[in-house]
file start_39.cif (mmCIF, C-alpha atoms and all ligand atoms)
data_my_file
#
loop_
_atom_site.label_atom_id
_atom_site.label_comp_id
_atom_site.auth_asym_id
_atom_site.auth_seq_id
_atom_site.Cartn_x
_atom_site.Cartn_y
_atom_site.Cartn_z
CA MET G 734 20.57 -91.44 69.58
CA THR G 735 20.51 -90.33 65.93
CA LEU G 736 17.09 -90.74 64.43
CA PRO G 737 16.97 -92.04 60.85
CA ILE G 738 14.80 -90.90 57.98
CA VAL G 739 12.34 -93.67 57.14
CA ILE G 740 11.98 -94.34 53.40
CA SER G 741 8.65 -95.79 52.31
CA CYS G 742 9.35 -98.23 49.48
CA GLY G 743 6.64 -96.97 47.12
CA GLU G 744 5.54 -99.00 44.10
CA PRO G 745 7.74 -102.11 43.88
CA ALA G 746 7.32 -102.28 40.08
CA GLY G 747 8.79 -98.79 39.74
CA ILE G 748 12.23 -97.25 40.25
CA GLY G 749 11.70 -96.33 43.92
CA PRO G 750 13.62 -99.25 45.45
CA GLU G 751 16.47 -98.73 42.95
CA VAL G 752 16.89 -95.00 43.66
CA ALA G 753 16.65 -95.68 47.41
CA ALA G 754 19.46 -98.24 47.18
CA LYS G 755 21.58 -95.89 45.06
CA ALA G 756 20.91 -92.97 47.41
CA TYR G 757 22.10 -95.11 50.32
CA GLN G 758 25.46 -95.57 48.55
CA VAL G 759 25.78 -91.79 48.10
CA LEU G 760 24.72 -90.82 51.63
CA ARG G 761 25.82 -93.81 53.72
CA SER G 762 28.28 -91.81 55.79
CA THR G 763 26.16 -88.68 56.23
CA VAL G 764 22.41 -89.43 56.37
CA PRO G 765 21.04 -92.20 58.62
CA MET G 766 18.09 -93.88 56.94
CA ALA G 767 15.94 -96.99 57.07
CA TYR G 768 14.14 -98.47 54.07
CA VAL G 769 10.68 -99.78 54.93
CA GLY G 770 9.49 -102.49 52.58
CA ASP G 771 10.26 -105.90 51.15
CA PRO G 772 14.01 -106.44 50.57
CA ARG G 773 13.07 -108.64 47.57
CA HIS G 774 12.30 -105.43 45.66
CA LEU G 775 15.76 -103.91 46.08
CA PRO G 776 18.40 -104.42 43.38
CA ALA G 777 20.10 -107.77 43.93
CA ASP G 778 23.49 -106.21 44.71
CA THR G 779 22.13 -104.00 47.53
CA PRO G 780 23.91 -104.63 50.84
CA VAL G 781 20.96 -105.10 53.20
CA VAL G 782 21.00 -105.09 57.00
CA GLY G 783 17.71 -106.24 58.53
CA ILE G 784 16.72 -104.25 61.60
CA ASP G 785 13.73 -104.48 63.93
CA HIS G 786 13.47 -100.84 65.00
CA PRO G 787 14.55 -97.48 63.52
CA SER G 788 16.82 -96.92 66.53
CA GLU G 789 19.15 -99.59 65.09
CA ALA G 790 19.53 -97.81 61.73
CA ALA G 791 22.33 -95.34 62.45
CA ASN G 792 24.71 -98.03 63.69
CA ALA G 793 23.86 -100.33 60.79
CA MET G 794 24.57 -97.78 58.05
CA ALA G 795 28.24 -98.71 57.68
CA GLN G 796 27.36 -102.34 56.93
CA GLY G 797 24.50 -101.81 54.51
CA LEU G 798 21.09 -100.28 53.88
CA PRO G 799 19.05 -100.74 57.07
CA VAL G 800 15.74 -102.40 56.19
CA LEU G 801 12.61 -102.61 58.31
CA THR G 802 11.09 -105.58 56.56
CA TYR G 803 7.48 -105.49 55.44
CA GLY G 804 6.62 -108.64 53.51
CA PHE G 805 4.55 -108.03 50.36
CA ALA G 806 1.85 -110.43 49.20
CA GLY G 807 2.32 -110.10 45.45
CA HIS G 808 4.98 -110.62 42.83
CA SER G 809 5.41 -107.31 41.03
CA THR G 810 8.03 -107.26 38.30
CA PRO G 811 9.69 -104.15 36.86
CA GLY G 812 7.08 -102.13 35.02
CA HIS G 813 4.27 -104.48 36.01
CA PRO G 814 2.58 -103.85 39.35
CA ASP G 815 0.82 -106.77 41.01
CA PRO G 816 -2.54 -105.70 42.49
CA LYS G 817 -1.74 -107.92 45.49
CA ASP G 818 1.09 -105.52 46.40
CA ALA G 819 -1.08 -102.40 46.47
CA GLN G 820 -2.18 -102.70 50.09
CA GLY G 821 1.41 -103.21 51.19
CA VAL G 822 2.47 -99.96 49.51
CA ILE G 823 -0.28 -98.10 51.38
CA ASP G 824 0.45 -99.81 54.71
CA VAL G 825 4.17 -98.99 54.52
CA ILE G 826 3.39 -95.28 54.19
CA ALA G 827 1.17 -95.49 57.27
CA ALA G 828 3.88 -97.41 59.16
CA CYS G 829 6.40 -94.68 58.35
CA VAL G 830 3.99 -92.03 59.65
CA ASP G 831 3.67 -94.03 62.86
CA TRP G 832 7.46 -94.21 63.26
CA VAL G 833 7.87 -90.46 62.79
CA THR G 834 4.91 -89.36 64.91
CA GLN G 835 6.05 -91.64 67.73
CA GLY G 836 9.45 -89.96 67.67
CA HIS G 837 11.42 -92.94 66.32
CA ALA G 838 12.31 -91.30 63.00
CA SER G 839 13.25 -87.74 62.07
CA ALA G 840 11.31 -87.57 58.80
CA ILE G 841 9.65 -89.56 56.05
CA CYS G 842 11.01 -89.73 52.53
CA THR G 843 8.54 -91.42 50.20
CA ALA G 844 9.59 -93.34 47.11
CA PRO G 845 7.08 -92.88 44.28
CA ILE G 846 3.73 -94.61 44.18
CA HIS G 847 1.63 -95.41 41.12
CA LYS G 848 -1.74 -93.91 41.94
CA LYS G 849 -3.75 -95.97 39.48
CA ALA G 850 -2.11 -99.22 40.65
CA LEU G 851 -3.13 -98.43 44.23
CA GLN G 852 -6.66 -97.45 43.28
CA ASP G 853 -7.11 -100.53 41.08
CA GLY G 854 -5.42 -102.92 43.52
CA ALA G 855 -6.63 -101.68 46.89
CA GLN G 856 -9.30 -99.02 46.29
CA PHE G 857 -6.85 -96.45 47.62
CA ALA G 858 -9.08 -93.53 48.58
CA TYR G 859 -6.53 -90.78 47.93
CA PRO G 860 -5.11 -89.37 44.71
CA GLY G 861 -1.59 -89.09 46.11
CA HIS G 862 0.69 -89.12 49.12
CA THR G 863 -0.12 -85.50 49.95
CA GLU G 864 -3.81 -86.15 50.51
CA TYR G 865 -3.15 -89.48 52.30
CA LEU G 866 -0.62 -87.89 54.65
CA GLU G 867 -3.08 -85.09 55.40
CA ALA G 868 -5.65 -87.73 56.41
CA LEU G 869 -3.12 -89.64 58.51
CA ALA G 870 -2.06 -86.42 60.23
CA GLY G 871 -5.66 -85.68 61.24
CA ASN G 872 -6.47 -82.75 63.52
CA GLY G 873 -7.64 -80.63 60.59
CA ALA G 874 -4.20 -80.55 58.93
CA HIS G 875 -4.13 -78.82 55.54
CA ALA G 876 -1.32 -80.45 53.57
CA VAL G 877 0.27 -78.15 51.01
CA MET G 878 2.39 -79.52 48.17
CA MET G 879 5.61 -77.68 47.43
CA LEU G 880 8.23 -78.67 44.89
CA ALA G 881 11.58 -77.11 45.62
CA SER G 882 14.90 -76.70 43.85
CA ASP G 883 17.70 -74.15 43.85
CA ALA G 884 16.12 -72.49 40.81
CA LEU G 885 12.48 -72.36 41.90
CA ARG G 886 9.91 -73.28 44.54
CA VAL G 887 6.31 -73.84 43.44
CA VAL G 888 3.09 -74.55 45.32
CA PRO G 889 -0.02 -75.78 43.49
CA THR G 890 -3.14 -74.59 45.35
CA THR G 891 -5.29 -77.34 43.85
CA ILE G 892 -3.49 -80.63 43.31
CA HIS G 893 -4.64 -83.96 41.90
CA ILE G 894 -7.98 -83.03 40.38
CA PRO G 895 -9.21 -82.79 36.80
CA LEU G 896 -8.58 -79.42 35.20
CA ALA G 897 -12.33 -79.03 34.69
CA ASP G 898 -12.80 -79.13 38.48
CA VAL G 899 -10.20 -76.47 39.28
CA PRO G 900 -12.39 -73.34 39.14
CA ALA G 901 -14.84 -74.75 41.70
CA ALA G 902 -12.13 -76.10 43.99
CA LEU G 903 -10.18 -72.85 43.92
CA THR G 904 -11.87 -70.81 46.64
CA PRO G 905 -10.71 -67.77 48.60
CA ALA G 906 -10.47 -69.92 51.75
CA VAL G 907 -8.27 -72.55 50.09
CA LEU G 908 -6.00 -69.96 48.50
CA ARG G 909 -5.72 -68.00 51.76
CA ASP G 910 -4.76 -71.17 53.69
CA THR G 911 -2.25 -72.18 51.03
CA ILE G 912 -0.57 -68.76 51.13
CA ALA G 913 -0.54 -68.65 54.94
CA ILE G 914 0.87 -72.19 55.34
CA THR G 915 3.55 -71.58 52.71
CA HIS G 916 4.54 -68.30 54.37
CA ARG G 917 4.70 -69.94 57.82
CA ASP G 918 6.62 -73.04 56.74
CA LEU G 919 9.13 -71.09 54.63
CA GLN G 920 9.89 -69.17 57.82
CA ARG G 921 9.94 -72.21 60.12
CA GLN G 922 11.46 -74.88 57.93
CA PHE G 923 13.46 -72.96 55.33
CA GLN G 924 14.73 -70.05 57.48
CA ILE G 925 13.34 -67.41 55.14
CA ASN G 926 12.38 -64.68 57.57
CA ALA G 927 10.20 -62.61 55.26
CA PRO G 928 9.01 -64.88 52.44
CA ARG G 929 8.18 -63.18 49.14
CA LEU G 930 5.36 -65.01 47.40
CA ALA G 931 4.27 -64.53 43.80
CA ILE G 932 0.62 -65.38 43.18
CA ALA G 933 -0.25 -66.68 39.72
CA GLY G 934 -3.50 -65.86 38.00
CA LEU G 935 -5.76 -68.68 36.88
CA ASN G 936 -6.58 -67.47 33.39
CA PRO G 937 -4.47 -66.42 30.38
CA HIS G 938 -2.84 -63.03 31.06
CA ALA G 939 -4.26 -63.19 34.59
CA GLY G 940 -7.69 -62.66 33.06
CA GLU G 941 -6.76 -59.56 31.00
CA GLY G 942 -8.87 -57.29 33.18
CA GLY G 943 -11.83 -59.67 33.14
CA LYS G 944 -11.86 -60.21 29.37
CA MET G 945 -10.33 -63.71 29.60
CA GLY G 946 -11.73 -64.98 32.87
CA ARG G 947 -13.11 -63.34 35.97
CA GLN G 948 -11.53 -65.02 39.02
CA GLU G 949 -8.70 -62.47 39.15
CA VAL G 950 -10.95 -59.39 39.17
CA ASP G 951 -13.74 -61.04 41.14
CA TRP G 952 -11.68 -62.17 44.13
CA ILE G 953 -8.00 -63.15 43.71
CA ALA G 954 -6.76 -59.52 43.52
CA ASP G 955 -8.87 -58.58 46.56
CA LEU G 956 -7.51 -61.52 48.58
CA VAL G 957 -3.94 -60.59 47.67
CA ARG G 958 -4.60 -56.97 48.66
CA ASP G 959 -6.17 -58.03 52.00
CA MET G 960 -3.27 -60.32 52.86
CA VAL G 961 -0.70 -57.68 51.93
CA ALA G 962 -2.49 -55.36 54.36
CA GLU G 963 -2.11 -58.10 56.99
CA GLY G 964 1.66 -58.10 56.46
CA TYR G 965 2.27 -60.79 53.84
CA ASP G 966 4.74 -59.96 51.06
CA LEU G 967 2.70 -60.91 48.00
CA THR G 968 2.64 -59.89 44.36
CA GLY G 969 -0.07 -60.82 41.92
CA PRO G 970 -2.19 -62.12 40.46
CA LEU G 971 0.51 -62.42 37.81
CA PRO G 972 0.23 -63.80 34.28
CA ALA G 973 1.61 -67.32 34.73
CA ASP G 974 3.38 -67.44 31.39
CA THR G 975 5.84 -64.69 32.31
CA MET G 976 6.51 -65.40 35.98
CA PHE G 977 9.03 -68.23 35.64
CA HIS G 978 11.86 -66.75 33.56
CA ALA G 979 15.10 -66.08 35.45
CA ALA G 980 14.60 -62.37 36.15
CA ALA G 981 11.05 -62.96 37.36
CA ARG G 982 12.11 -65.86 39.61
CA ALA G 983 14.66 -63.65 41.33
CA LYS G 984 11.83 -61.55 42.76
CA TYR G 985 10.15 -64.25 44.89
CA ASP G 986 10.88 -67.17 47.19
CA ALA G 987 7.95 -69.30 46.06
CA ALA G 988 5.29 -69.18 43.38
CA ILE G 989 1.75 -69.94 44.50
CA CYS G 990 0.05 -71.51 41.50
CA MET G 991 -3.59 -72.29 40.89
CA TYR G 992 -3.35 -75.85 39.60
CA HIS G 993 -0.98 -78.81 39.36
CA ASP G 994 0.60 -78.38 35.93
CA GLN G 995 0.88 -74.59 36.20
CA ALA G 996 3.26 -75.25 39.10
CA LEU G 997 4.96 -78.49 38.14
CA ILE G 998 5.74 -77.88 34.48
CA PRO G 999 8.17 -75.02 35.19
CA ILE G 1000 10.03 -76.79 38.00
CA LYS G 1001 10.26 -80.14 36.22
CA THR G 1002 11.55 -78.30 33.15
CA LEU G 1003 14.16 -76.38 35.12
CA ALA G 1004 15.22 -79.03 37.64
CA PHE G 1005 13.71 -82.49 37.03
CA ASP G 1006 16.91 -84.15 38.20
CA LYS G 1007 17.19 -82.22 41.45
CA GLY G 1008 13.65 -81.19 42.42
CA VAL G 1009 12.21 -82.30 45.74
CA ASN G 1010 8.56 -82.64 46.69
CA VAL G 1011 7.97 -81.37 50.25
CA THR G 1012 4.65 -81.48 52.05
CA LEU G 1013 4.04 -78.35 54.10
CA GLY G 1014 1.35 -78.07 56.76
CA LEU G 1015 1.97 -81.47 58.39
CA PRO G 1016 3.07 -82.10 61.98
CA PHE G 1017 6.03 -84.11 60.62
CA ILE G 1018 8.58 -83.74 57.82
CA ARG G 1019 7.91 -85.43 54.50
CA THR G 1020 9.98 -85.18 51.34
CA SER G 1021 10.03 -87.16 48.12
CA PRO G 1022 11.83 -87.16 44.80
CA ASP G 1023 9.99 -85.16 42.14
CA HIS G 1024 9.73 -88.05 39.69
CA GLY G 1025 7.31 -90.93 39.48
CA THR G 1026 7.55 -94.68 39.11
CA ALA G 1027 9.12 -94.55 35.62
CA PHE G 1028 7.89 -98.00 34.59
CA ASP G 1029 9.61 -97.56 31.23
CA ILE G 1030 13.07 -97.82 32.82
CA ALA G 1031 12.31 -99.90 35.94
CA GLY G 1032 14.64 -102.85 36.47
CA LYS G 1033 17.21 -101.57 33.96
CA GLY G 1034 19.56 -100.08 36.54
CA ILE G 1035 19.64 -96.70 34.79
CA ALA G 1036 17.42 -94.61 37.09
CA ASP G 1037 19.05 -91.36 38.23
CA GLU G 1038 19.04 -91.18 42.04
CA THR G 1039 19.85 -87.45 42.30
CA SER G 1040 16.33 -86.33 43.19
CA MET G 1041 16.10 -89.03 45.89
CA VAL G 1042 19.49 -87.93 47.26
CA GLU G 1043 18.28 -84.32 47.35
CA ALA G 1044 15.04 -85.39 49.04
CA LEU G 1045 16.95 -87.20 51.78
CA LYS G 1046 19.37 -84.30 52.25
CA LEU G 1047 16.53 -81.80 52.50
CA ALA G 1048 14.68 -83.99 55.01
CA GLN G 1049 17.81 -84.15 57.13
CA LYS G 1050 18.32 -80.38 56.92
CA MET G 1051 14.69 -79.69 57.83
CA SER G 1052 14.82 -82.09 60.76
CA LYS G 1053 17.75 -80.14 62.23
CA THR G 1054 15.90 -76.79 62.26
N1 LIG X 1 6.01 -88.92 44.58
C1 LIG X 1 5.23 -89.74 43.86
O1 LIG X 1 4.69 -90.69 44.40
C2 LIG X 1 5.04 -89.49 42.40
C3 LIG X 1 5.57 -88.36 41.75
C4 LIG X 1 5.32 -88.18 40.39
C5 LIG X 1 4.58 -89.11 39.68
N2 LIG X 1 4.09 -90.19 40.35
C6 LIG X 1 3.35 -91.25 39.65
O2 LIG X 1 4.27 -92.00 38.85
C7 LIG X 1 3.56 -92.59 37.77
C8 LIG X 1 4.31 -92.32 36.48
O3 LIG X 1 4.31 -90.91 36.24
P1 LIG X 1 4.93 -90.21 34.96
O4 LIG X 1 5.17 -91.23 33.91
O5 LIG X 1 4.09 -89.06 34.69
O6 LIG X 1 6.31 -89.61 35.45
P2 LIG X 1 7.69 -90.28 35.78
O7 LIG X 1 8.46 -89.28 36.57
O8 LIG X 1 7.52 -91.62 36.39
O9 LIG X 1 8.40 -90.50 34.36
C9 LIG X 1 8.50 -89.47 33.39
C10 LIG X 1 9.73 -89.73 32.48
O10 LIG X 1 10.91 -89.41 33.20
C11 LIG X 1 11.78 -90.53 33.30
N3 LIG X 1 12.31 -90.57 34.66
C12 LIG X 1 11.60 -90.39 35.79
N4 LIG X 1 12.39 -90.51 36.86
C13 LIG X 1 13.62 -90.77 36.41
C14 LIG X 1 14.88 -91.01 37.03
N5 LIG X 1 15.02 -90.97 38.37
N6 LIG X 1 15.95 -91.28 36.25
C15 LIG X 1 15.82 -91.31 34.91
N7 LIG X 1 14.66 -91.08 34.25
C16 LIG X 1 13.58 -90.82 35.00
C17 LIG X 1 10.90 -91.75 33.02
O11 LIG X 1 11.67 -92.82 32.52
C18 LIG X 1 9.88 -91.18 32.05
O12 LIG X 1 10.39 -91.25 30.74
C19 LIG X 1 2.15 -92.00 37.82
O13 LIG X 1 1.30 -92.94 38.47
C20 LIG X 1 2.30 -90.76 38.67
O14 LIG X 1 1.12 -90.41 39.33
C21 LIG X 1 4.32 -90.41 41.66
N1 LIG X 2 2.07 -84.28 41.84
C1 LIG X 2 3.33 -84.88 42.10
C2 LIG X 2 4.23 -84.82 40.93
O1 LIG X 2 3.73 -84.84 39.81
O2 LIG X 2 5.42 -84.81 41.12
C3 LIG X 2 3.17 -86.33 42.38
O3 LIG X 2 2.00 -86.80 41.81
C4 LIG X 2 3.38 -86.70 43.75
O4 LIG X 2 2.32 -86.34 44.56
P1 LIG X 2 2.24 -86.93 46.02
O5 LIG X 2 3.50 -86.51 46.71
O6 LIG X 2 1.03 -86.32 46.59
O7 LIG X 2 2.13 -88.41 45.85
#
call {"tool": "encode", "arguments": {"input": "start_39.cif", "output": "structure tokens"}}
result
Amino acid sequence: MTLPIVISCGEPAGIGPEVAAKAYQVLRSTVPMAYVGDPRHLPADTPVVGIDHPSEAANAMAQGLPVLTYGFAGHSTPGHPDPKDAQGVIDVIAACVDWVTQGHASAICTAPIHKKALQDGAQFAYPGHTEYLEALAGNGAHAVMMLASDALRVVPTTIHIPLADVPAALTPAVLRDTIAITHRDLQRQFQINAPRLAIAGLNPHAGEGGKMGRQEVDWIADLVRDMVAEGYDLTGPLPADTMFHAAARAKYDAAICMYHDQALIPIKTLAFDKGVNVTLGLPFIRTSPDHGTAFDIAGKGIADETSMVEALKLAQKMSKT
């Protein structure tokens, strides 16, 4: 039996359902999938096949997008989330994790959520999928966010926290774990036998020898040195402003960054249309497009599905390794 990728619907007021429906049209003959959510949220012209279990998805693909129906309580409209839908968005993600951990799906691909809508509507306790999936995985999992494209892979060590909180959250233990998990999962899931990782500094010019910040001289350089001695292929701490041009990118397989925007600005500048968000460190495969809910274009039929297509293709590739 061919296991499908389960697609969590994400925020119904956003472009997630639209890019899922468009991705189905692109991949219908190559990537078995099942959309989990309320079929009311899909574009009206989507060919939908209701199924009761993921095992029915592969055979249904030729007729239409297989849908595991989850009825939503609210009435979101494009660009306008209904707080009554927030709990459904959260529950669908959990249902997808259940399908994949029980062996009924090969991977999860998450359509974008609107974090504030979930926090306002359902007191969602997590700032994003990554942290929620880590909690659902349990067993001390450390979820690591990676955004990947042909041009660049980036890993933010701290994720969805205010910039003012980064220095305290950025500890040697967290950075060590992030490096080790990235190294391991690039080997296991991306077939890179000896991953080369570039470690960014936190401060301008990687601290300029302690004149512009002390984290680099106080502990980041020591940690890098220790891990190199253990066999990791690391360079850094590097000045972040000069580590993303083409010649610099050719020297590493992934950039370990210190905070969210240090990592995500370069990849979304280079490859917004094709970037994929992958969560490393989980006992199951999770990918996602690199864009958000795009309320400004929701319901207009103009959302570009390329990132969703790439996310589904990468999930399929990872599930075959
Ligand atoms: N995986 C996720 O769940 C995820 C990822 C990123 C952002 N978000 C959330 O999405 C919400 C909105 O975030 P944002 O406004 O910063 O970013 P966004 O990606 O939603 O939109 C940024 C800009 O890019 C455009 N855009 C985005 N995706 C597009 C597509 N597929 N085709 C054409 N144009 C597209 C939008 O119209 C907008 O102008 C926030 O709540 C954010 O936290 C969720
Ligand atoms: N930080 C991600 C981005 O900007 O693309 C986005 O918020 C998604 O994060 P989760 O996958 O944790 O929801």
call {"tool": "closest_atom_pairs", "arguments": {"input": "start_39.cif", "of": "chain G", "to": "ligand LIG 1 (chain X)", "cutoff": "9 Å", "atoms": "all atoms listed in the file", "output": "JSON lines"}}
result
{"residue": "G:Gly743", "atom": "CA", "partner": "X:LIG1", "partner_atom": "O1", "distance": 7.1}
{"residue": "G:Glu744", "atom": "CA", "partner": "X:LIG1", "partner_atom": "O1", "distance": 8.4}
{"residue": "G:Gly747", "atom": "CA", "partner": "X:LIG1", "partner_atom": "O8", "distance": 8.0}
{"residue": "G:Ile748", "atom": "CA", "partner": "X:LIG1", "partner_atom": "N5", "distance": 7.1}
{"residue": "G:Gly749", "atom": "CA", "partner": "X:LIG1", "partner_atom": "N5", "distance": 8.4}
{"residue": "G:Val752", "atom": "CA", "partner": "X:LIG1", "partner_atom": "N5", "distance": 6.9}
{"residue": "G:Thr843", "atom": "CA", "partner": "X:LIG1", "partner_atom": "N1", "distance": 6.7}
{"residue": "G:Ala844", "atom": "CA", "partner": "X:LIG1", "partner_atom": "O1", "distance": 6.2}
{"residue": "G:Pro845", "atom": "CA", "partner": "X:LIG1", "partner_atom": "O1", "distance": 3.2}
{"residue": "G:Ile846", "atom": "CA", "partner": "X:LIG1", "partner_atom": "O1", "distance": 4.0}
{"residue": "G:His847", "atom": "CA", "partner": "X:LIG1", "partner_atom": "O13", "distance": 3.6}
{"residue": "G:Lys848", "atom": "CA", "partner": "X:LIG1", "partner_atom": "O13", "distance": 4.7}
{"residue": "G:Lys849", "atom": "CA", "partner": "X:LIG1", "partner_atom": "O13", "distance": 6.0}
{"residue": "G:Ala850", "atom": "CA", "partner": "X:LIG1", "partner_atom": "O13", "distance": 7.5}
{"residue": "G:Pro860", "atom": "CA", "partner": "X:LIG1", "partner_atom": "O14", "distance": 8.3}
{"residue": "G:Gly861", "atom": "CA", "partner": "X:LIG1", "partner_atom": "O1", "distance": 6.7}
{"residue": "G:His862", "atom": "CA", "partner": "X:LIG1", "partner_atom": "O1", "distance": 6.4}
{"residue": "G:Thr863", "atom": "CA", "partner": "X:LIG1", "partner_atom": "N1", "distance": 8.8}
{"residue": "G:Phe1005", "atom": "CA", "partner": "X:LIG1", "partner_atom": "N4", "distance": 8.1}
{"residue": "G:Asp1006", "atom": "CA", "partner": "X:LIG1", "partner_atom": "N5", "distance": 7.1}
{"residue": "G:Asn1010", "atom": "CA", "partner": "X:LIG1", "partner_atom": "N1", "distance": 7.1}
{"residue": "G:Thr1020", "atom": "CA", "partner": "X:LIG1", "partner_atom": "N1", "distance": 8.7}
{"residue": "G:Ser1021", "atom": "CA", "partner": "X:LIG1", "partner_atom": "N1", "distance": 5.6}
{"residue": "G:Pro1022", "atom": "CA", "partner": "X:LIG1", "partner_atom": "N1", "distance": 6.1}
{"residue": "G:Asp1023", "atom": "CA", "partner": "X:LIG1", "partner_atom": "C3", "distance": 5.5}
{"residue": "G:His1024", "atom": "CA", "partner": "X:LIG1", "partner_atom": "O7", "distance": 3.6}
{"residue": "G:Gly1025", "atom": "CA", "partner": "X:LIG1", "partner_atom": "O8", "distance": 3.2}
{"residue": "G:Thr1026", "atom": "CA", "partner": "X:LIG1", "partner_atom": "O8", "distance": 4.1}
{"residue": "G:Ala1027", "atom": "CA", "partner": "X:LIG1", "partner_atom": "O8", "distance": 3.4}
{"residue": "G:Phe1028", "atom": "CA", "partner": "X:LIG1", "partner_atom": "O8", "distance": 6.6}
{"residue": "G:Asp1029", "atom": "CA", "partner": "X:LIG1", "partner_atom": "O11", "distance": 5.3}
{"residue": "G:Ile1030", "atom": "CA", "partner": "X:LIG1", "partner_atom": "O11", "distance": 5.2}
{"residue": "G:Ala1031", "atom": "CA", "partner": "X:LIG1", "partner_atom": "O11", "distance": 7.9}
{"residue": "G:Ile1035", "atom": "CA", "partner": "X:LIG1", "partner_atom": "C15", "distance": 6.6}
{"residue": "G:Ala1036", "atom": "CA", "partner": "X:LIG1", "partner_atom": "N6", "distance": 3.7}
{"residue": "G:Asp1037", "atom": "CA", "partner": "X:LIG1", "partner_atom": "N6", "distance": 3.7}
{"residue": "G:Glu1038", "atom": "CA", "partner": "X:LIG1", "partner_atom": "N5", "distance": 5.4}
{"residue": "G:Thr1039", "atom": "CA", "partner": "X:LIG1", "partner_atom": "N5", "distance": 7.2}
{"residue": "G:Ser1040", "atom": "CA", "partner": "X:LIG1", "partner_atom": "N5", "distance": 6.8}
{"residue": "G:Met1041", "atom": "CA", "partner": "X:LIG1", "partner_atom": "N5", "distance": 7.8}
call {"tool": "atom_distance", "arguments": {"input": "start_39.cif", "atom1": "atom CA of Ser1052 of chain G", "atom2": "atom CA of Arg1019 of chain G"}}
result
9.9 Å
call {"tool": "atom_distance", "arguments": {"input": "start_39.cif", "atom1": "atom CA of Val957 of chain G", "atom2": "atom CA of His916 of chain G"}}
result
13.3 Å
call {"tool": "closest_residue", "arguments": {"input": "start_39.cif", "among": "G:Gln758, G:Thr968, G:Gln1049, G:Thr890", "to": "ligand LIG 2 (chain X)", "atoms": "all atoms listed in the file"}}
result
G:Thr890
call {"tool": "atom_distance", "arguments": {"input": "start_39.cif", "atom1": "atom CA of Ile989 of chain G", "atom2": "atom CA of Pro970 of chain G"}}
result
9.6 Å
call {"tool": "closest_residue", "arguments": {"input": "start_39.cif", "among": "G:Pro814, G:Lys944, G:Ala933, G:Gly1032", "to": "Phe977 of chain G", "atoms": "only C-alpha atoms"}}
result
G:Ala933
call {"tool": "closest_residue", "arguments": {"input": "start_39.cif", "among": "G:Ala806, G:Gly812, G:Ser839, G:Val825", "to": "Pro787 of chain G", "atoms": "only C-alpha atoms"}}
result
G:Ser839
call {"tool": "residues_around", "arguments": {"input": "start_39.cif", "residues": "segment 923-927 of chain G", "least_positions_apart": "3", "cutoff": "12 Å", "atoms": "all atoms listed in the file", "output": "PyMOL selection string"}}
result
chain G and resi 881+886+915-920+930+964-967+985-987+1011+1013+1047-1048+1050-1054
call {"tool": "closest_residue", "arguments": {"input": "start_39.cif", "among": "G:Asp898, G:Asp883, G:Glu949, G:Glu864", "to": "ligand LIG 2 (chain X)", "atoms": "only C-alpha atoms and all ligand atoms"}}
result
G:Glu864
call {"tool": "closest_residue", "arguments": {"input": "start_39.cif", "among": "G:Val739, G:Ala819, G:Ile894, G:Val907", "to": "Val764 of chain G", "atoms": "all atoms listed in the file"}}
result
G:Val739
call {"tool": "closest_residue", "arguments": {"input": "start_39.cif", "among": "G:Ala973, G:Ile823, G:Ala754, G:Val830", "to": "Ala855 of chain G", "atoms": "only C-alpha atoms"}}
result
G:Ile823
call {"tool": "residues_around", "arguments": {"input": "start_39.cif", "residues": "Gly854 of chain G", "least_positions_apart": "5", "cutoff": "8 Å", "atoms": "only C-alpha atoms", "output": "NGL selection string"}}
result
:G and (815-820)
call {"tool": "build_atoms", "arguments": {"input": "start_39.cif", "residues": "segment 843-851 of chain G", "atoms": "N, CA and C atoms", "output": "PDB file, in the frame of the given file"}}
result
ATOM      1  N   THR G 843       9.380 -90.426  50.885  1.00  0.00           N
ATOM      2  CA  THR G 843       8.540 -91.420  50.200  1.00  0.00           C
ATOM      3  C   THR G 843       9.070 -91.695  48.802  1.00  0.00           C
ATOM      4  N   ALA G 844       9.299 -92.952  48.496  1.00  0.00           N
ATOM      5  CA  ALA G 844       9.590 -93.340  47.110  1.00  0.00           C
ATOM      6  C   ALA G 844       8.262 -93.312  46.340  1.00  0.00           C
ATOM      7  N   PRO G 845       8.320 -93.124  45.028  1.00  0.00           N
ATOM      8  CA  PRO G 845       7.080 -92.880  44.280  1.00  0.00           C
ATOM      9  C   PRO G 845       6.085 -94.036  44.275  1.00  0.00           C
ATOM     10  N   ILE G 846       4.829 -93.653  44.320  1.00  0.00           N
ATOM     11  CA  ILE G 846       3.730 -94.610  44.180  1.00  0.00           C
ATOM     12  C   ILE G 846       3.105 -94.453  42.791  1.00  0.00           C
ATOM     13  N   HIS G 847       2.402 -95.487  42.365  1.00  0.00           N
ATOM     14  CA  HIS G 847       1.630 -95.410  41.120  1.00  0.00           C
ATOM     15  C   HIS G 847       0.164 -95.342  41.538  1.00  0.00           C
ATOM     16  N   LYS G 848      -0.414 -94.140  41.374  1.00  0.00           N
ATOM     17  CA  LYS G 848      -1.740 -93.910  41.940  1.00  0.00           C
ATOM     18  C   LYS G 848      -2.782 -94.877  41.391  1.00  0.00           C
ATOM     19  N   LYS G 849      -2.737 -95.089  40.081  1.00  0.00           N
ATOM     20  CA  LYS G 849      -3.750 -95.970  39.480  1.00  0.00           C
ATOM     21  C   LYS G 849      -3.586 -97.413  39.991  1.00  0.00           C
ATOM     22  N   ALA G 850      -2.333 -97.860  40.143  1.00  0.00           N
ATOM     23  CA  ALA G 850      -2.110 -99.220  40.650  1.00  0.00           C
ATOM     24  C   ALA G 850      -2.703 -99.381  42.048  1.00  0.00           C
ATOM     25  N   LEU G 851      -2.582 -98.345  42.862  1.00  0.00           N
ATOM     26  CA  LEU G 851      -3.130 -98.430  44.230  1.00  0.00           C
ATOM     27  C   LEU G 851      -4.652 -98.369  44.226  1.00  0.00           C
TER      28      LEU G 851
END
